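A.B. asks: Just one file: coords38.cif, with mmCIF, C-alpha atoms.
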data_my_file
loop_
_atom_site.label_atom_id
_atom_site.label_comp_id
_atom_site.auth_asym_id
_atom_site.auth_seq_id
_atom_site.Cartn_x
_atom_site.Cartn_y
_atom_site.Cartn_z
CA ALA L 1 -21.58 14.66 -33.81
CA VAL L 2 -21.20 11.00 -34.77
CA ASP L 3 -23.68 8.14 -34.91
CA PRO L 4 -22.78 5.77 -32.04
CA LYS L 5 -23.00 2.80 -34.44
CA LEU L 6 -20.16 4.28 -36.47
CA CYS L 7 -18.04 5.49 -33.57
CA ARG L 8 -15.89 2.38 -33.10
CA GLN L 9 -15.13 2.19 -36.83
CA LEU L 10 -14.34 5.89 -36.90
CA LEU L 11 -11.94 5.63 -33.95
CA THR L 12 -10.14 2.71 -35.59
CA GLU L 13 -9.62 4.66 -38.81
CA LEU L 14 -8.85 7.84 -36.90
CA SER L 15 -6.02 6.15 -35.02
CA LYS L 16 -4.31 5.47 -38.35
CA VAL L 17 -4.18 9.12 -39.34
CA SER L 18 -4.34 11.10 -36.12
CA ASN L 19 -3.26 9.99 -32.65
CA LYS L 20 -4.71 11.81 -29.69
CA ASP L 21 -2.31 14.48 -28.44
CA ILE L 22 -0.29 13.04 -25.53
CA THR L 23 -0.93 16.26 -23.60
CA LEU L 24 -4.64 15.38 -23.72
CA ALA L 25 -4.21 11.83 -22.42
CA HIS L 26 -6.17 12.76 -19.29
CA LEU L 27 -9.31 13.35 -21.38
CA LYS L 28 -11.77 10.72 -22.54
CA ARG L 29 -11.89 10.15 -26.26
CA VAL L 30 -15.67 10.25 -26.67
CA LYS L 31 -18.56 12.12 -25.04
CA ARG L 32 -22.28 12.40 -25.68
CA HIS L 33 -23.33 15.24 -27.91
CA GLN L 34 -24.86 18.24 -26.17
CA GLN L 35 -27.06 20.95 -27.55
CA ASP L 36 -27.62 24.33 -25.93
CA GLY L 37 -25.82 23.19 -22.77
CA GLN L 38 -28.07 20.14 -22.31
CA GLU L 39 -27.42 16.53 -23.19
CA SER L 40 -29.18 15.90 -26.46
CA ASN L 41 -31.21 12.72 -26.80
CA ASN L 42 -33.04 13.69 -29.97
CA VAL L 43 -30.67 15.43 -32.33
CA ASP L 44 -32.05 13.24 -35.11
CA ALA L 45 -35.10 11.00 -35.10
CA ASP L 46 -35.16 7.51 -36.55
CA ILE L 47 -38.28 7.65 -38.76
CA SER L 48 -38.73 3.84 -38.79
CA THR L 49 -38.78 3.46 -35.00
CA LYS L 50 -39.66 7.04 -34.00
CA LYS L 51 -37.00 6.71 -31.30
CA PRO L 52 -34.56 9.54 -30.64
CA GLN L 53 -31.02 8.94 -31.85
CA LYS L 54 -28.08 9.82 -29.61
CA LYS L 55 -24.98 11.38 -31.10
CA LEU L 56 -21.38 11.28 -29.91
CA GLU L 57 -18.52 13.77 -30.05
CA VAL L 58 -14.95 12.58 -30.61
CA LEU L 59 -11.82 14.31 -29.33
CA LEU L 60 -9.25 14.56 -32.13
CA GLY L 61 -6.43 16.53 -30.57
CA ARG L 62 -4.06 17.77 -33.25
CA THR L 63 -5.29 16.99 -36.73
CA GLU L 64 -2.97 15.47 -39.32
CA GLU L 65 -2.96 14.77 -43.02
CA GLY L 66 -5.66 12.31 -44.05
CA LEU L 67 -8.34 13.61 -41.73
CA SER L 68 -10.23 15.29 -44.57
CA ASN L 69 -11.23 11.91 -46.02
CA LEU L 70 -12.81 10.88 -42.73
CA VAL L 71 -14.64 14.19 -42.51
CA ASP L 72 -16.26 13.47 -45.86
CA THR L 73 -16.90 9.77 -45.19
CA TYR L 74 -18.57 10.28 -41.81
CA ASN L 75 -19.96 13.74 -42.50
CA LEU L 76 -18.03 15.16 -39.55
CA GLN L 77 -18.34 18.73 -38.37
CA LEU L 78 -15.07 19.99 -36.88
CA GLU L 79 -15.17 22.43 -33.98
CA ARG L 80 -12.58 24.01 -31.75
CA ARG L 81 -13.29 23.31 -28.08
CA LEU L 82 -11.88 24.56 -24.83
CA VAL L 83 -10.83 21.47 -22.82
CA PRO L 84 -8.93 21.00 -19.55
CA GLY L 85 -5.19 21.17 -20.17
CA ARG L 86 -4.21 19.00 -17.20
CA PRO L 87 -5.69 16.30 -14.93
CA ALA L 88 -7.99 17.37 -12.11
CA VAL L 89 -6.37 17.41 -8.67
CA SER L 90 -9.57 17.25 -6.60
CA LEU L 91 -13.18 16.10 -6.85
CA GLU L 92 -14.32 19.72 -6.94
CA GLU L 93 -12.01 20.47 -9.84
CA LEU L 94 -13.11 17.27 -11.60
CA LYS L 95 -16.71 18.50 -11.56
CA GLU L 96 -15.60 21.78 -13.10
CA PHE L 97 -13.45 20.06 -15.76
CA ASN L 98 -16.20 17.59 -16.68
CA SER L 99 -18.44 20.48 -17.60
CA LEU L 100 -15.99 21.17 -20.44
CA TRP L 101 -15.04 17.62 -21.43
CA PRO L 102 -15.13 14.23 -19.59
CA THR L 103 -11.89 13.83 -17.68
CA ILE L 104 -10.11 10.68 -16.52
CA TYR L 105 -9.56 10.96 -12.78
CA PHE L 106 -7.86 8.69 -10.25
CA HIS L 107 -8.90 9.82 -6.80
CA LYS L 108 -6.17 7.82 -5.03
CA ASN L 109 -3.53 9.74 -7.00
CA SER L 110 -4.90 13.11 -5.95
CA GLU L 111 -3.33 15.30 -3.29
CA GLU L 112 -6.76 15.52 -1.71
CA TYR L 113 -6.81 11.75 -1.14
CA LYS L 114 -3.16 11.55 -0.07
CA GLU L 115 -3.72 14.30 2.50
CA SER L 116 -6.76 12.52 3.92
CA GLU L 117 -4.78 9.27 4.13
CA LEU L 118 -2.02 11.00 6.08
CA THR L 119 -4.42 12.40 8.65
CA LEU L 120 -4.53 10.43 11.88
CA SER L 121 -7.75 10.24 13.86
CA SER L 122 -7.85 10.69 17.62
CA SER L 123 -8.53 6.95 18.04
CA GLU L 124 -5.48 6.10 15.90
CA ILE L 125 -3.28 8.40 17.98
CA GLU L 126 -4.65 6.83 21.14
CA GLN L 127 -3.81 3.38 19.76
CA MET L 128 -0.31 4.59 18.89
CA GLU L 129 0.18 5.74 22.46
CA PHE L 130 -0.81 2.30 23.70
CA GLY L 131 1.40 0.55 21.13
CA MET L 132 4.46 2.63 21.98
CA LYS L 133 4.05 1.95 25.70
CA GLN L 134 4.16 -1.75 24.89
CA ALA L 135 7.14 -1.36 22.53
CA LEU L 136 9.20 0.49 25.15
CA LYS L 137 8.71 -2.51 27.45
CA ASP L 138 9.00 -5.34 24.91
CA ASP L 139 11.20 -3.81 22.16
CA ALA L 140 8.71 -4.81 19.43
CA VAL L 141 5.00 -5.64 19.37
CA VAL L 142 2.54 -6.40 16.59
CA ILE L 143 -0.98 -5.04 17.04
CA ASP L 144 -4.17 -5.70 15.11
CA PRO L 145 -5.53 -2.16 14.56
CA LEU L 146 -9.09 -3.41 14.03
CA SER L 147 -9.37 -5.00 17.45
CA GLY L 148 -6.57 -3.14 19.23
CA SER L 149 -5.25 -6.46 20.56
CA ILE L 150 -1.59 -7.46 20.75
CA VAL L 151 -0.84 -10.27 18.31
CA SER L 152 2.83 -10.79 19.12
CA ARG L 153 5.57 -9.56 21.46
CA ALA L 154 9.28 -9.93 20.67
CA LYS L 155 10.17 -10.82 24.25
CA ASP L 156 7.49 -13.53 24.40
CA GLU L 157 8.89 -15.11 21.26
CA LEU L 158 12.41 -14.90 22.67
CA LEU L 159 11.26 -17.12 25.56
CA GLN L 160 10.15 -19.67 22.95
CA GLN L 161 13.58 -19.51 21.28
CA PRO L 162 16.17 -19.20 24.05
CA ASN L 163 18.99 -20.21 21.69
CA SER L 164 18.29 -17.19 19.49
CA VAL L 165 19.77 -14.81 22.07
CA ASN L 166 23.15 -14.96 20.34
CA ASN L 167 21.71 -15.07 16.81
CA PRO L 168 22.29 -11.64 15.19
CA LEU L 169 19.38 -12.29 12.82
CA SER L 170 16.93 -12.76 15.67
CA SER L 171 16.28 -9.08 16.25
CA PRO L 172 13.11 -7.80 17.94
CA VAL L 173 11.52 -7.15 14.54
CA ILE L 174 12.16 -10.69 13.32
CA LEU L 175 11.10 -12.21 16.64
CA ALA L 176 7.83 -10.26 16.56
CA ILE L 177 7.12 -11.50 13.02
CA GLN L 178 7.96 -15.05 14.08
CA GLY L 179 5.54 -14.62 16.96
CA VAL L 180 2.76 -13.92 14.47
CA SER L 181 3.82 -17.05 12.57
CA ARG L 182 3.67 -19.08 15.78
CA LYS L 183 0.10 -17.90 16.41
CA GLU L 184 -0.82 -18.90 12.86
CA ARG L 185 0.64 -22.37 13.34
CA GLU L 186 -1.16 -22.86 16.64
CA LEU L 187 -4.42 -21.87 15.01
CA ALA L 188 -3.72 -24.26 12.12
CA ILE L 189 -3.27 -27.14 14.54
CA GLY L 190 -6.74 -26.46 15.92
CA LEU L 191 -8.54 -25.84 12.63
CA GLY L 192 -6.42 -27.84 10.21
CA MET L 193 -4.38 -26.64 7.25
CA GLU L 194 -7.25 -27.43 4.91
CA SER L 195 -9.63 -25.08 6.70
CA GLY L 196 -10.95 -22.03 4.88
CA VAL L 197 -9.00 -19.76 7.23
CA PHE L 198 -5.72 -21.07 5.81
CA ARG L 199 -6.75 -21.87 2.28
CA ASP L 200 -7.78 -18.24 1.92
CA GLY L 201 -5.00 -16.91 4.15
CA GLN L 202 -2.82 -13.87 3.40
CA TYR L 203 0.69 -12.83 4.28
CA LEU L 204 1.68 -13.06 7.95
CA CYS L 205 1.22 -9.43 8.99
CA THR L 206 -1.34 -8.19 6.48
CA GLY L 207 -3.18 -5.23 8.01
CA TYR L 208 -1.14 -5.29 11.25
CA ASP L 209 0.93 -2.49 12.81
CA MET L 210 4.34 -2.91 14.43
CA TYR L 211 5.59 -0.73 17.26
CA LEU L 212 9.33 -0.62 17.94
CA ARG L 213 11.74 0.87 20.41
CA ASN L 214 14.32 1.39 17.65
CA GLU L 215 14.01 2.13 13.94
CA PRO L 216 14.37 -1.09 11.89
CA ASN L 217 17.53 -1.48 9.83
CA VAL L 218 17.45 -2.18 6.09
CA TYR L 219 17.29 -5.94 6.56
CA GLU L 220 14.42 -5.67 9.05
CA ALA L 221 12.60 -3.05 6.97
CA MET L 222 12.59 -5.41 3.98
CA ALA L 223 11.34 -8.26 6.17
CA LEU L 224 8.42 -5.99 7.07
CA VAL L 225 7.75 -5.44 3.36
CA HIS L 226 7.58 -9.20 2.79
CA SER L 227 5.31 -9.71 5.80
CA ARG L 228 2.94 -7.00 4.44
CA ILE L 229 2.88 -4.90 7.60
CA ARG L 230 0.55 -1.88 7.43
CA ARG L 231 2.36 0.63 9.65
CA VAL L 232 5.61 0.87 11.58
CA VAL L 233 5.99 3.25 14.53
CA PHE L 234 9.33 3.62 16.31
CA GLU L 235 10.79 5.82 19.01
CA TYR L 236 14.56 6.05 18.38
CA PRO L 237 15.98 6.67 14.87
CA ASN L 238 18.92 4.65 13.60
CA SER L 239 21.27 7.14 11.95
CA THR L 240 23.76 4.50 10.76
CA GLU L 241 21.63 1.56 9.57
CA GLY L 242 18.06 2.87 9.59
CA GLY L 243 15.86 1.36 6.88
CA VAL L 244 12.87 3.72 6.99
CA GLY L 245 14.53 7.11 6.69
CA GLY L 246 17.01 7.29 9.56
CA THR L 247 19.96 7.48 7.17
CA GLY L 248 18.22 9.48 4.46
CA GLU L 249 15.75 8.95 1.62
CA SER L 250 18.02 6.46 -0.16
CA SER L 251 17.32 3.92 2.59
CA ASP L 252 13.54 4.35 2.68
CA VAL L 253 12.85 0.66 2.12
CA HIS L 254 9.18 1.05 3.01
CA CYS L 255 8.46 3.20 -0.05
CA LEU L 256 10.88 1.93 -2.69
CA PRO L 257 9.17 2.22 -6.09
CA GLY L 258 10.33 -1.24 -7.20
CA THR L 259 8.67 -3.20 -4.39
CA ASN L 260 5.15 -4.65 -4.55
CA HIS L 261 4.18 -3.48 -1.06
CA HIS L 262 4.59 -0.20 0.80
CA TYR L 263 3.86 0.66 4.40
CA ARG L 264 3.77 3.88 6.38
CA ALA L 265 6.53 4.60 8.89
CA PHE L 266 6.27 7.01 11.82
CA LYS L 267 8.85 8.47 14.15
CA SER L 268 6.87 8.39 17.38
CA ILE L 269 4.82 11.54 17.83
CA VAL L 270 3.23 10.47 21.07
CA CYS L 271 6.05 9.28 23.31
CA LYS L 272 6.50 12.71 24.83
CA LYS L 273 3.15 12.09 26.47
CA ILE L 274 4.23 8.72 27.87
#
Take the structure from the file and write it as structure tokens.
C.D. replies:
Amino acid sequence: AVDPKLCRQLLTELSKVSNKDITLAHLKRVKRHQQDGQESNNVDADISTKKPQKKLEVLLGRTEEGLSNLVDTYNLQLERRLVPGRPAVSLEELKEFNSLWPTIYFHKNSEEYKESELTLSSSEIEQMEFGMKQALKDDAVVIDPLSGSIVSRAKDELLQQPNSVNNPLSSPVILAIQGVSRKERELAIGLGMESGVFRDGQYLCTGYDMYLRNEPNVYEAMALVHSRIRRVVFEYPNSTEGGVGGTGESSDVHCLPGTNHHYRAFKSIVCKKI
């Protein structure tokens, strides 16, 4: 046990002679001292204030040469402890591990969290059914999942840009994104570019879902990354140019590790009901 007032100094000196074992990087360096299975608040009493003094325990990992001097200087008592040998993979396991030694835990990295994120609710599936019905009619639609309203339709935007019919870059995906941009501009005209809505604005499709007849190609899939789309749902895979898995994992643009935004992509699981 170590006096908390000396803990920072001890850790600084300890780092010079003994680095925490990399295999224990998931464990916190310091914990409160416990006695007889209970957290101890009065291991020693400060006679001048009559207040209980808390003590701390420090995880050393593998000891190295030079540690003996610190043991003498800080009057350390070395003990072997059983500690978790790996990070916890669930909240239940975290509770169990923490009873041995405080463990660093990132819930969003756990399989438990990832599984819950992959689960679709009945209302989400119902919204997907609606979105795919619209996509089969209009090739591409953007929907706000919070309100369930259609924000943009590719065919509506095509009417606004009749000359884009022969433009190979004006695909349904791009037209649908441009439709969102058009709505933003129209709103700006009414509220003004200096309004709080636009001063605090985000990327064009932040939080929106896009429903498509065909899987986006690589170019379109990257455009969806830049627009910060939330989800993409499509009916027909593109086995030659698909950008979200149709041609294999190497073309999964939506989950490339080097990009600063990822979105979820679904091959339609509801169109058989349509």
A.B. asks: Which polymer residues have any atom within 10 Å of an atom of Val173 in chain L, counting only C-alpha atoms, with same-chain residues fewer than 3 positions away left out, as a VMD selection string?
C.D. replies: chain L and resid 139 to 142 153 to 154 169 to 170 176 to 179 210 to 217 219 to 221 223 to 224
A.B. asks: Any chance you could resolve the PyMOL selection byres ((chain L and resi 112) around 12) against this file and give the residues as a ChimeraX atom specification?
C.D. replies: /L:88-94,106-111,113-119
A.B. asks: Just to be explicit: take each residue in the selection above, keep C-alpha atoms, and write the result as an mmCIF file, in the coordinates of the input.
C.D. replies:
data_model
loop_
_atom_site.group_PDB
_atom_site.id
_atom_site.type_symbol
_atom_site.label_atom_id
_atom_site.label_comp_id
_atom_site.auth_asym_id
_atom_site.auth_seq_id
_atom_site.Cartn_x
_atom_site.Cartn_y
_atom_site.Cartn_z
ATOM 1 C CA ALA L 88 -7.990 17.370 -12.110
ATOM 2 C CA VAL L 89 -6.370 17.410 -8.670
ATOM 3 C CA SER L 90 -9.570 17.250 -6.600
ATOM 4 C CA LEU L 91 -13.180 16.100 -6.850
ATOM 5 C CA GLU L 92 -14.320 19.720 -6.940
ATOM 6 C CA GLU L 93 -12.010 20.470 -9.840
ATOM 7 C CA LEU L 94 -13.110 17.270 -11.600
ATOM 8 C CA PHE L 106 -7.860 8.690 -10.250
ATOM 9 C CA HIS L 107 -8.900 9.820 -6.800
ATOM 10 C CA LYS L 108 -6.170 7.820 -5.030
ATOM 11 C CA ASN L 109 -3.530 9.740 -7.000
ATOM 12 C CA SER L 110 -4.900 13.110 -5.950
ATOM 13 C CA GLU L 111 -3.330 15.300 -3.290
ATOM 14 C CA TYR L 113 -6.810 11.750 -1.140
ATOM 15 C CA LYS L 114 -3.160 11.550 -0.070
ATOM 16 C CA GLU L 115 -3.720 14.300 2.500
ATOM 17 C CA SER L 116 -6.760 12.520 3.920
ATOM 18 C CA GLU L 117 -4.780 9.270 4.130
ATOM 19 C CA LEU L 118 -2.020 11.000 6.080
ATOM 20 C CA THR L 119 -4.420 12.400 8.650
#
A.B. asks: For Trp101 in chain L, which residue out of L:Glu235, L:Gly242, L:Glu57, L:Ser121 is the nearest one, using only C-alpha atoms?
C.D. replies: L:Glu57
A.B. asks: From the options L:His26, L:Arg32, L:Arg8, L:Lys133, which residue's atoms come nearest to Ser268 in chain L, counting only C-alpha atoms?
C.D. replies: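 The shortest atom-to-atom distance to Ser268 in chain L comes from L:Lys133.
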A.B. asks: Tell me, in Å to one decimal, how far CA of Thr103 in chain L is from CA of Gly258 in chain L.
C.D. replies: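 CA of Gly258 in chain L lies 28.8 Å from CA of Thr103 in chain L.
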A.B. asks: In Å, with one decimal, what is the gap from CA of Asn69 in chain L to CA of Pro102 in chain L?
C.D. replies: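 For CA of Asn69 in chain L relative to CA of Pro102 in chain L, the distance reads 26.8 Å.
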A.B. asks: Name the residues that the PyMOL selection byres ((chain L and resi 263) around 8) pulls out of this structure, and write them as an MDAnalysis selection string.
C.D. replies: chainID L and resid 225 228:232 254:255 261:262 264:265
A.B. asks: For CA of Pro145 in chain L and CA of Ser251 in chain L, quote the distance in Å rounded to one decimal.
C.D. replies: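 Here the two named atoms are 26.5 Å from each other.
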